[in-house]
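Before any comments, here is the structure.
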2 protein chains.
Amino acid sequence: MTRLFNDPTAFADEALDGFVAAHRRWVRPVTGGVVRAGATPAGQVAVVIGGGSGHYPAFSGLVGRGLAHGAAVGNVFASPSAQQIRSVARAAHGGAGVLLMYGNYAGDVLHFGQAAERLTGEGVEARTFAVTDDISSAGPEETAKRRGIAGDLPVFKAAAAAAERGLPLDDVLAVAERANARTRSFGIAFSGCTLPGADHPLFTVAQARMAVGLGIHGEPGIGEEPLPTADEAARLLVTSLLAELPDDVEGPDRQRAAVILNGLGSVKYEELFVVYRTVAELLTDAGVEIVDPEVGELVTSFDMAGISLTLTWLDDDLEALWRAPADTPAFRKGALGTPEPVRAEPVIAEETDDLAAPEGSDASRRAAAVVLDVLDALAATVDAHVGELGRIDAVAGDGDHGIGMQRGSTAARRAAVDTHALGAGAGTVLVRAADAWADKAGGTSGALWGSMLRAVGTTLGDEDAPTAARVADGVRQASAAVRRLGGAEVGDKTMVDVLVPFADTLAAATAEGVPLAAAWDRAAGAAEAAAAATADLLPRKGRARPHAEKSLGTPDAGAHSLSLITRAVHGVLNDHIGEAI
Amino acid sequence: MTRLFNDPTAFADEALDGFVAAHRRWVRPVTGGVVRAGATPAGQVAVVIGGGSGHYPAFSGLVGRGLAHGAAVGNVFASPSAQQIRSVARAAHGGAGVLLMYGNYAGDVLHFGQAAERLTGEGVEARTFAVTDDISSAGPEETAKRRGIAGDLPVFKAAAAAAERGLPLDDVLAVAERANARTRSFGIAFSGCTLPGADHPLFTVAQARMAVGLGIHGEPGIGEEPLPTADEAARLLVTSLLAELPDDVEGPDRQRAAVILNGLGSVKYEELFVVYRTVAELLTDAGVEIVDPEVGELVTSFDMAGISLTLTWLDDDLEALWRAPADTPAFRKGALGTPEPVRAEPVIAEETDDLAAPEGSDASRRAAAVVLDVLDALAATVDAHVGELGRIDAVAGDGDHGIGMQRGSTAARRAAVDTHALGAGAGTVLVRAADAWADKAGGTSGALWGSMLRAVGTTLGDEDAPTAARVADGVRQASAAVRRLGGAEVGDKTMVDVLVPFADTLAAATAEGVPLAAAWDRAAGAAEAAAAATADLLPRKGRARPHAEKSLGTPDAGAHSLSLITRAVHGVLNDHIGEAI
C-alpha cells in the first residue's frame, strides 16, 4: 500500500515537486508539468506526453533528449486538464508544432483534445495521438478502443526520435501511428494498488490467483486463473502476443521486436528476470529477433503486483528509432552529444484573470449566493460518498471517480467563493467554478462537470434573476454539452442516462408552471430511478470501458454521483423557496 | 510477497540467466557471476563487487563502464562462495590487480577474504573492502561493525571511477576507504519481504507502525514508531544523518553531499519523490549543497516496504568521482565514449578435478559409506528444520540460515555420493563434500561448515579405519578451524558455544575409552544443553549481528542447527556400532 504521504490531496503535486528537485539536470517545472531543461531546438516538433500521476516513470520520467519534450502531469490516476496540457505544450513548443501523446483513456482523450483545439486556435499547430497497445481491453476488430499501457514507451519514443530527426509534424504523427499499429501488450496481476490516503486497494485478487489482462488503474481483467509459475506466466504472455501479429509484420526470417517486460510496482527485478529468461527463450524459439530489450519498471501503478509484456514489431525505420539514444530521468540509452544549455527562465505562470470579474446585477448576485449554497451541498455530498464512488467506479472503470469528483467540487466551491467576493453574478460565478473544476479534477468527470456548470452559468448570465424556466434551460444546455463532449447516448450506462431524463423532467415540470424546487424534486426522482436502472444495463457501446459487462449489477459511478447531487441540490432549493431563485 | 518463480532453489540462478539475457549490451556471464561485456583495459585495476541475490540492482546491475568490472552473485541473501568470487575476479582481471568490494556481512567478509587469499596465491594481486554505511547497525565508536546498505553504490562508484583513471590498486583502495569514511545511511521500513517459495515474510511490522534502522535482510531495527507522514520520515532520516557528520567534513559553507534516497522495493517512486521534496529542503536549509541526487531503487530487498537515505560527504576529488560517467544495466550517467568491443569468448568454466579422486583403502572406503549415511542424516535434519532455522535466524540475523544450510548440506551429500562412487576414502569424500558445501551455500554457515567438514576429512585421511580417538581429534580440529575463521569465542552466542563443549566432551569420553557412539551421545547432550543456553545469552561482542540483544530468549540459529545435527549423527553411529567406525 501507499504509506508515505502528507495531505493525500496534495500527493501528486508534492511528488512532482520532489521529482523536479531530484532531476533538474533533465527537466524544469512549468505550470501543469515539466519540460526539458534545455530548449526545444528551433524547428523541431515538440512531443508532449501526459496522463495521471501514479505511473512513474510515465510520464514525467520520460522527458529529456531523445524522448519527450514535455509532460503534462495530472492528479493521481486522473488526466491532466486541458489547461495544464496547453501550458506545457506552449512551454515545449519549438515553433514546429506539438504532438500530444497519451494512453487511450476517456479523460485523456477529452482533455488532450480540448488542449489541441485551444493550441491550434492560438496559432500553435497541434495534433493528438492516443496509444492503444493493451490487447486484453478490446478485440482485434476494435483496436481503437484499446487502452494504452506499457506500449506508451516505444510509441512515444518512436515519435520523439522522429522529431529529433527534424521531421515535420504530420510525419512525426505518421511514425506514431505506425509504431502504435505494431505495438501490443498483455498483462497479469496478483494484487491491486492502494491510492495515497485510501483504506482499501482499488481491487484485490484472491490468494494464489492471478488476474489476466488487467489495466493499470485497477480496471478488471478478462479472467482469473491460478497463480502461475514464472515459466507459465512467461508462456501466457508470449503466446497471447504471438497470437495477434500485426498484418504488416515481415516474414518469419525477418521478425524483429523491441521487447519490454514491465513491472507494475511490487513484482521485483529478480522475479522479472526469472520470467524474462523464459520470455527470451520462447521468442527466440518462435524465430523472433529481440532488439534492445528492457526489463524493469517503466509504466507502473503504485505498488500493484503485476507484470506486462510489450512487443513492438520493428521495420528498419522503427528499429533505428528504438535504438536511438535517449537521456531522461528514467530512461537512458546510448550516448548523446552535449546537451542544450539549461534554461534559467522562471517557471511559466499562466496568465490569470481571476483578480477581476464583471460585476453582476443585484438580482444575479443574490442568486449567486444560492449558487454558493448549491456548490457547498454538492461538495459535501461528494465528500460523504467519495469512497463509495471510487469503489463503484473500480468495478468497470479506473476507480478515480470519487477522488476526481472531490477535487473538482472542492475547487469549484473555492473558485465560486472567490468570484462571488469580487461582486460577480450567478453566471460568472458558475463559469469560474466550471473552469476550476475541469482544471483541478482532470479526468473524464472533470471535463464533463466543467462543461455542465459552464453551460448553466452561460445560460443564467449576470443580469436577470434566474427563473425556473431559465434554470431548466441551462440544465438542458448542460445535457446537450455532455452528450456532445462525451459522445455517449442514453443507454450507454453513463451519466447521460441520468442527465437526459433529469433535464427533460425539469423542463416539462417548469413548463407546466411547477415552481423550481418542486420541479427539481420531480426531476431528481427521475434521476434516481435512472441511476438505479444503470445497474441492470449492459452498455451498448464500450468506449473507454471495454469491461463494462463486468459491472452488471452495479450502477455507473458517474450516473450515481449525478443522482446523489441532484437530490442534494433539491434540499438547497427547498431552503431558498421564495428567495432569489 | 515474491510470487513469480519456478523451483525456489533455482531462483537466484534463473534470475541471473534472465538478467544476462536482457543486458548483453553491458555484461557477459562467467562462472560465479558477470563481468563487463568489454574487456577490462590492460593496466586498469578491476573492481569486483558482490553479495547475495535479492538486492537488485546490487550487485549485477552495477557492472559496466564507470562502475564495477564484475560482480559475484550469491544465492538469495547469501554471500557468493570464495570459488565464485575467485572465478569472477580472474575473468575481470586486467593485469593490475583486483579490488573486491562488498557490504559488511559475516558471510561476505569470510568468502571475499578467502577469495583474496587464493587470488594472491595464484599471482593475482587482490585487496578486499567492506562498506559500512548503516549508522543504525553500530555506534559511531564501532563504525567497523556497521553493515553495508545503499552506501554500497557511492563507495563502489568512487573506487571504480578511480580505477578508470588508471590509479594503482592501493590508491584505488584508499579512495574506497575515504568514500566509505564519508558515507552514512539510515533506513526505515514498514513491512518485510517474502523470499521465493517462503510462506511468511522474513519479518513483519505492525499495521501503521514503522521499524527504524532496519537492515536489508530483515535484520531488526533499533526501534519502532508510529507510521510517519512523508515529511516526518524525511525529517527523521535527515536529522539522523546530520547528527553524525564525519570528522573531516569541511566547514558549513563548503558542505556538499551526494544524496541517495533509496526505495527497498514496494515504496514506490511517487512516494520517494514526496519524501525527497522535504529531504532536499531540509538539507538545503542546513547549508548542504546536494550534488547529483539519486532517487530510486538502488539497493533493494525484494518487495520490502522501506526507504533509506544515504549521504556521501564530498571533497573535490570525491565529487569528481561521483559525477564521473557510468553506463551499467541499472545506473547510467553522463556520456561515455565508444565502448570496448564486446568479447565473444565463451563463458569461463572453472577447471574442475571432480572427475578423479585418489583411491582409498578398503577400510577407509567402508568408513566412507558411513560418512554418506552421516551426510544423509545431516541433510534430512536440515530439511526437516529449514523453516524453523530461518525464523530463529531472522530474530537477530538475516534469516538465511535455514536455506543456506539446506543448500550446503544437499550439495555436500551429492558431492560425497559422487566422490564415493569414484572409490575415494572417507577423508577425500569429506573434503569434497566440504568444498561443495562452501561453494553452493555461500553465507557464513557455508564457510564455517565447509571448514569443519574439511578439518574432519583431513584428519581422517584415506588410509586407516577411523578410530574413536581419530574422529574426536578431527572434531577438535574442526572446532579450532571455526574459531580461527569466524573469530568468535565461547559466550558470543554463536555455534562456537556448542562446538567447543561438544568437541571437548567427545575428546574426554573417547580418552576414557568410551566407544564412539556412546561418547558421541554424551557430547551431543552437552551440545544440546549449550545450544539451549544461547537463548539466555547476550553476546559479548556483536560482530555482524549488532542487534543480537533482540535475540534474548531465542537460541542462536547456528548453535541450534549444530546441536540438532550432532543428535542426528548419533543415530547413524548407533546404527553402525561395531562396523567401520
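Residue numbering restarts at 1 in every chain; chains get A, B, ... in the order shown in the C-alpha cells, and ligands count up from 1 in that same order.
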
Just list as a list in words whatever in range 37-83 of chain B DSSP marks as strand (DSSP E or B).
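Residues of range 37-83 of chain B classed as strand (DSSP E or B): Gly38, Ala46, Val47, Val48, Ile49, Gly50, Gly51, Gly52, Ser53, Val63, Arg65, Ala68, Gly70, Ala71, Ala72, Val73, Gly74, Asn75 and Val76 of chain B.
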
Select, as a list in words, those residues of chain A with any atom no more than 6 Å from chain B (distances computed using only C-alpha atoms).
Leu4, Phe5, Asn6, Glu14, Ala15, Gly18, Phe19, Ala22, Thr229, Ala230, Ser266, Lys268, Glu270, Glu271, Phe273, Val274, Tyr276, Arg277, Pro293, Phe302, Asp303 and Ala335 of chain A

C-alpha RMSD, in-order pairing, chain A superimposed onto chain B
0.2 Å

List as an MDAnalysis selection string the protein and nucleic acid residues near range 568-570 of chain A, meaning an atom at most 10 Å away when only C-alpha atoms are counted, but skip any in the same chain fewer than 3 places from it.
chainID A and resid 371 373:382 516:524 562:565 573:576

Would you save the residues from that selection as a PDB file, in the first residue's frame, using C-alpha atoms?
ATOM      1  CA  VAL A 371     -25.254  29.073  -6.177  1.00  0.00           C
ATOM      2  CA  ASP A 373     -25.032  27.080  -1.211  1.00  0.00           C
ATOM      3  CA  VAL A 374     -25.637  24.676  -4.092  1.00  0.00           C
ATOM      4  CA  LEU A 375     -21.903  24.184  -4.604  1.00  0.00           C
ATOM      5  CA  ASP A 376     -21.463  23.715  -0.853  1.00  0.00           C
ATOM      6  CA  ALA A 377     -24.085  20.995  -0.828  1.00  0.00           C
ATOM      7  CA  LEU A 378     -22.610  19.444  -3.935  1.00  0.00           C
ATOM      8  CA  ALA A 379     -19.112  19.256  -2.453  1.00  0.00           C
ATOM      9  CA  ALA A 380     -20.447  17.951   0.864  1.00  0.00           C
ATOM     10  CA  THR A 381     -22.363  15.218  -0.932  1.00  0.00           C
ATOM     11  CA  VAL A 382     -19.275  14.182  -2.856  1.00  0.00           C
ATOM     12  CA  LEU A 516     -38.460  25.387  -9.304  1.00  0.00           C
ATOM     13  CA  ALA A 517     -37.982  23.465  -6.026  1.00  0.00           C
ATOM     14  CA  ALA A 518     -40.939  21.184  -6.698  1.00  0.00           C
ATOM     15  CA  ALA A 519     -39.953  20.708 -10.340  1.00  0.00           C
ATOM     16  CA  TRP A 520     -36.416  19.889  -9.275  1.00  0.00           C
ATOM     17  CA  ASP A 521     -37.794  17.370  -6.773  1.00  0.00           C
ATOM     18  CA  ARG A 522     -39.691  15.600  -9.542  1.00  0.00           C
ATOM     19  CA  ALA A 523     -36.614  15.661 -11.816  1.00  0.00           C
ATOM     20  CA  ALA A 524     -34.388  14.345  -9.040  1.00  0.00           C
ATOM     21  CA  LEU A 562     -25.147  12.832 -10.526  1.00  0.00           C
ATOM     22  CA  SER A 563     -28.342  11.464  -8.946  1.00  0.00           C
ATOM     23  CA  LEU A 564     -26.937  11.984  -5.440  1.00  0.00           C
ATOM     24  CA  ILE A 565     -26.082  15.563  -6.329  1.00  0.00           C
ATOM     25  CA  LEU A 573     -33.567  24.902  -3.368  1.00  0.00           C
ATOM     26  CA  ASN A 574     -36.179  23.947  -0.785  1.00  0.00           C
ATOM     27  CA  ASP A 575     -34.358  26.067   1.767  1.00  0.00           C
ATOM     28  CA  HIS A 576     -34.477  29.032  -0.556  1.00  0.00           C
TER      29      HIS A 576
END

Would you give me, as a VMD selection string, the residues in range 252-405 of chain A that DSSP reads as alpha helix (DSSP H)?
chain A and resid 269 to 285 316 to 323 362 to 396 401 to 405

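You will find CA of Ala529 in chain A at 27.6 Å from CA of Leu460 in chain A.
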
Tell me, as a ChimeraX atom specification, which residues lie within 12 Å of Thr132 in chain A, counting only C-alpha atoms; anything in the same chain fewer than 2 positions away does not count.
/A:101-105,109,129-130,134-140,142-156,176-186,310,544

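Taking CA of Arg391 in chain A as the reference point, CA of His200 in chain A is found at 9.3 Å.
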
So which residues touch Leu241 in chain A within 8 Å, counting only C-alpha atoms, skipping near sequence neighbours fewer than 2 positions away, as a PyMOL selection string?
chain A and resi 184-186+237-239+243-245+311

Please measure the separation of CA of Pro80 in chain A and CA of Gly442 in chain A, giving the value in Å to one decimal.
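The value is 5.0 Å.
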
When you look at Arg28 in chain B with a cut-off of 6 Å (counting only C-alpha atoms), what residues show up, excluding the ones that are within fewer than 3 positions of it in the same chain? I need them as a ChimeraX atom specification.
/B:34-35,37

The selected residues should be written to file as a PDB file, in the first residue's frame (atoms: all heavy atoms).
ATOM      1  N   VAL B  34      28.961 -12.158 -13.264  1.00  0.00           N
ATOM      2  CA  VAL B  34      29.082 -11.488 -14.560  1.00  0.00           C
ATOM      3  C   VAL B  34      30.299 -10.561 -14.551  1.00  0.00           C
ATOM      4  O   VAL B  34      30.751 -10.104 -13.497  1.00  0.00           O
ATOM      5  CB  VAL B  34      27.830 -10.633 -14.886  1.00  0.00           C
ATOM      6  CG1 VAL B  34      26.601 -11.502 -15.091  1.00  0.00           C
ATOM      7  CG2 VAL B  34      27.573  -9.593 -13.799  1.00  0.00           C
ATOM      8  N   VAL B  35      30.805 -10.300 -15.758  1.00  0.00           N
ATOM      9  CA  VAL B  35      31.812  -9.250 -15.941  1.00  0.00           C
ATOM     10  C   VAL B  35      31.320  -8.334 -17.053  1.00  0.00           C
ATOM     11  O   VAL B  35      30.351  -8.647 -17.740  1.00  0.00           O
ATOM     12  CB  VAL B  35      33.208  -9.834 -16.291  1.00  0.00           C
ATOM     13  CG1 VAL B  35      33.736 -10.671 -15.133  1.00  0.00           C
ATOM     14  CG2 VAL B  35      33.150 -10.653 -17.576  1.00  0.00           C
ATOM     15  N   ALA B  37      30.830  -6.555 -20.569  1.00  0.00           N
ATOM     16  CA  ALA B  37      30.838  -7.125 -21.913  1.00  0.00           C
ATOM     17  C   ALA B  37      32.181  -6.891 -22.590  1.00  0.00           C
ATOM     18  O   ALA B  37      32.678  -7.749 -23.316  1.00  0.00           O
ATOM     19  CB  ALA B  37      29.710  -6.520 -22.744  1.00  0.00           C
TER      20      ALA B  37
END

Hey, what's within 7 Å of His93 in chain A if we count only C-alpha atoms and toss same-chain stuff fewer than 4 positions away? As a PyMOL selection string, please?
chain A and resi 40+46+89+97-98

Please dump the current selection as an mmCIF file, in the first residue's frame; keep C-alpha atoms.
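Printed below is again-v7.cif as written:
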data_model
loop_
_atom_site.group_PDB
_atom_site.id
_atom_site.type_symbol
_atom_site.label_atom_id
_atom_site.label_comp_id
_atom_site.auth_asym_id
_atom_site.auth_seq_id
_atom_site.Cartn_x
_atom_site.Cartn_y
_atom_site.Cartn_z
ATOM 1 C CA THR A 40 13.392 22.536 -27.810
ATOM 2 C CA ALA A 46 7.724 19.054 -29.677
ATOM 3 C CA ALA A 89 2.745 22.419 -24.771
ATOM 4 C CA GLY A 97 4.095 22.283 -33.825
ATOM 5 C CA VAL A 98 3.260 19.936 -30.992
#

Pick from A:Leu389, A:Val124, A:Val498, A:Val249: nearest to Thr312 in chain A, with only C-alpha atoms counted?
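Going through A:Leu389, A:Val124, A:Val498, A:Val249 one by one, the smallest distance to Thr312 in chain A is for A:Val249.
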